[in-house]
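Written out below as structure tokens is the structure these notes cover.
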Amino acid sequence: MDKRWQRVFTLLSEMYPDARCELNYETPFELLIATILSAQCTDQRVNIITPRLFQRFRSPEDYLEVSQDELEDLIRTCGLYRNKARSIIGCCRVLVRDFQGVVPRDLVSLESLPGVGRKTAAVVASNAFGVPALAVDTHVFRVARRIGLARGDTPEKVEAEVCAIYPREQWIELHHILIWHGRRLCHARKPDCEQCPLAADCDQAISGSAREVSV
DNA sequence: ATCCCGAGGG
DNA sequence: CCCTCTGGAT
């Protein structure tokens, strides 16, 4: 691997030594539900409601016993509650019908579940099962492009580029440190380039303070 | 007011 | 490809 990209990885790892999935979960199934809930919402907010949710719903079968309306009320504070409730119930239906109620470990099967797309599948596969996967969500996309790690204009292209640069064993950690960087410093609107160890190498580094940045 | 760690549908 | 769906944070 290119020295520069090795250095980027090292710098970010040192900066965010405990970057990890911030969702609280005990089982792959809980992670699947939590990840579905996390769309357009902070992990902290998901973590507020999941203890009670997981206490009441322990298996995919349990979610088939509840009405969508009631489930919507239970998850309302996470936003997009209609979609998410539908996704969770649909997902559990398929898990029960086609997967013996067990969350599959591979990306293809995970993505076949209703309400589970590329990002959710990658998050579950990598965090719950250690499957090398890099979910190019908006943070990863933005950060990877800003620091010149990838040039592609779609998440798919960026994913391919990044996966080509870094060895599989680093994908999961890379995913987490890019996300943390995106959340802590490399914000969509006002990135804090003053604090960023990557600014020297970054095409879009802002020297001043509050200017806006594209991508 | 505006944006967000997404997915499905038109 | 573009739209919609949501509450919450800023």
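Residues in the structure tokens are named by chain (A, B, ... in the order shown) and by number from 1 within that chain; ligands are numbered from 1 in the order shown.
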
Please extract the residues of segment 98-207 of chain A with a backbone DSSP assignment of alpha helix (DSSP H) and present them as a PyMOL selection string.
chain A and resi 98+107-111+118-129+138-146+155-165+168-184

Using only C-alpha atoms (C1' of nucleotides), find the residues of chain B whose closest atom to chain A is at most 10 Å away, then write them as a list in words.
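Applying the cut-off to the listed atoms yields DC3, DC4, DC5, DG6, DA7 and DG8 of chain B.
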
With N, CA, C and O atoms (P, O5', C5', C4', C3', O3' and C1' of nucleotides) retained, could you export that selection as a CSV table (one decimal), in the first residue's frame?
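To be explicit, this is the file written out as again_25.csv:
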chain,number,residue,atom,x,y,z
B,3,DC,P,-29.3,22.5,3.5
B,3,DC,O5',-28.6,21.2,4.3
B,3,DC,C5',-27.6,21.5,5.3
B,3,DC,C4',-27.6,20.4,6.3
B,3,DC,C3',-27.5,19.0,5.7
B,3,DC,O3',-26.4,18.3,6.2
B,3,DC,C1',-29.1,19.1,7.4
B,4,DC,P,-25.9,17.0,5.4
B,4,DC,O5',-26.2,15.9,6.4
B,4,DC,C5',-25.7,16.0,7.7
B,4,DC,C4',-26.4,15.1,8.7
B,4,DC,C3',-26.4,13.6,8.2
B,4,DC,O3',-25.8,12.8,9.2
B,4,DC,C1',-28.5,14.2,8.9
B,5,DC,P,-24.4,12.4,9.5
B,5,DC,O5',-24.7,10.9,9.3
B,5,DC,C5',-24.8,10.4,8.0
B,5,DC,C4',-24.8,8.9,8.0
B,5,DC,C3',-26.1,8.4,8.5
B,5,DC,O3',-26.6,7.4,7.6
B,5,DC,C1',-24.2,7.3,9.5
B,6,DG,P,-27.1,7.9,6.2
B,6,DG,O5',-28.0,6.7,5.8
B,6,DG,C5',-27.8,5.4,6.4
B,6,DG,C4',-29.0,4.6,6.1
B,6,DG,C3',-28.9,3.8,4.8
B,6,DG,O3',-29.5,2.6,5.1
B,6,DG,C1',-30.6,5.3,4.5
B,7,DA,P,-29.3,1.4,4.1
B,7,DA,O5',-30.8,1.2,3.4
B,7,DA,C5',-31.8,1.5,4.0
B,7,DA,C4',-33.1,1.3,3.3
B,7,DA,C3',-33.1,0.5,2.0
B,7,DA,O3',-34.3,-0.3,2.1
B,7,DA,C1',-33.9,2.7,1.6
B,8,DG,P,-34.6,-1.3,0.9
B,8,DG,O5',-35.9,-0.5,0.3
B,8,DG,C5',-37.0,-0.2,1.1
B,8,DG,C4',-38.0,0.6,0.3
B,8,DG,C3',-38.3,-0.1,-1.1
B,8,DG,O3',-39.7,0.1,-1.3
B,8,DG,C1',-37.5,2.1,-1.4

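Residues of chain C lying within 12 Å of chain A, counting only C-alpha atoms (C1' of nucleotides), are DT4, DC5, DT6, DG7, DG8, DA9 and DT10 of chain C.
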
I'd like the contact shell of Cys92 of chain A - 9 Å cut-off, only C-alpha atoms (C1' of nucleotides), skipping same-chain residues fewer than 3 positions apart - returned as JSON, numbers by chain.
{"A": [59, 60, 61, 62, 63, 64, 87, 88, 89, 95, 96, 97, 101, 113, 114]}
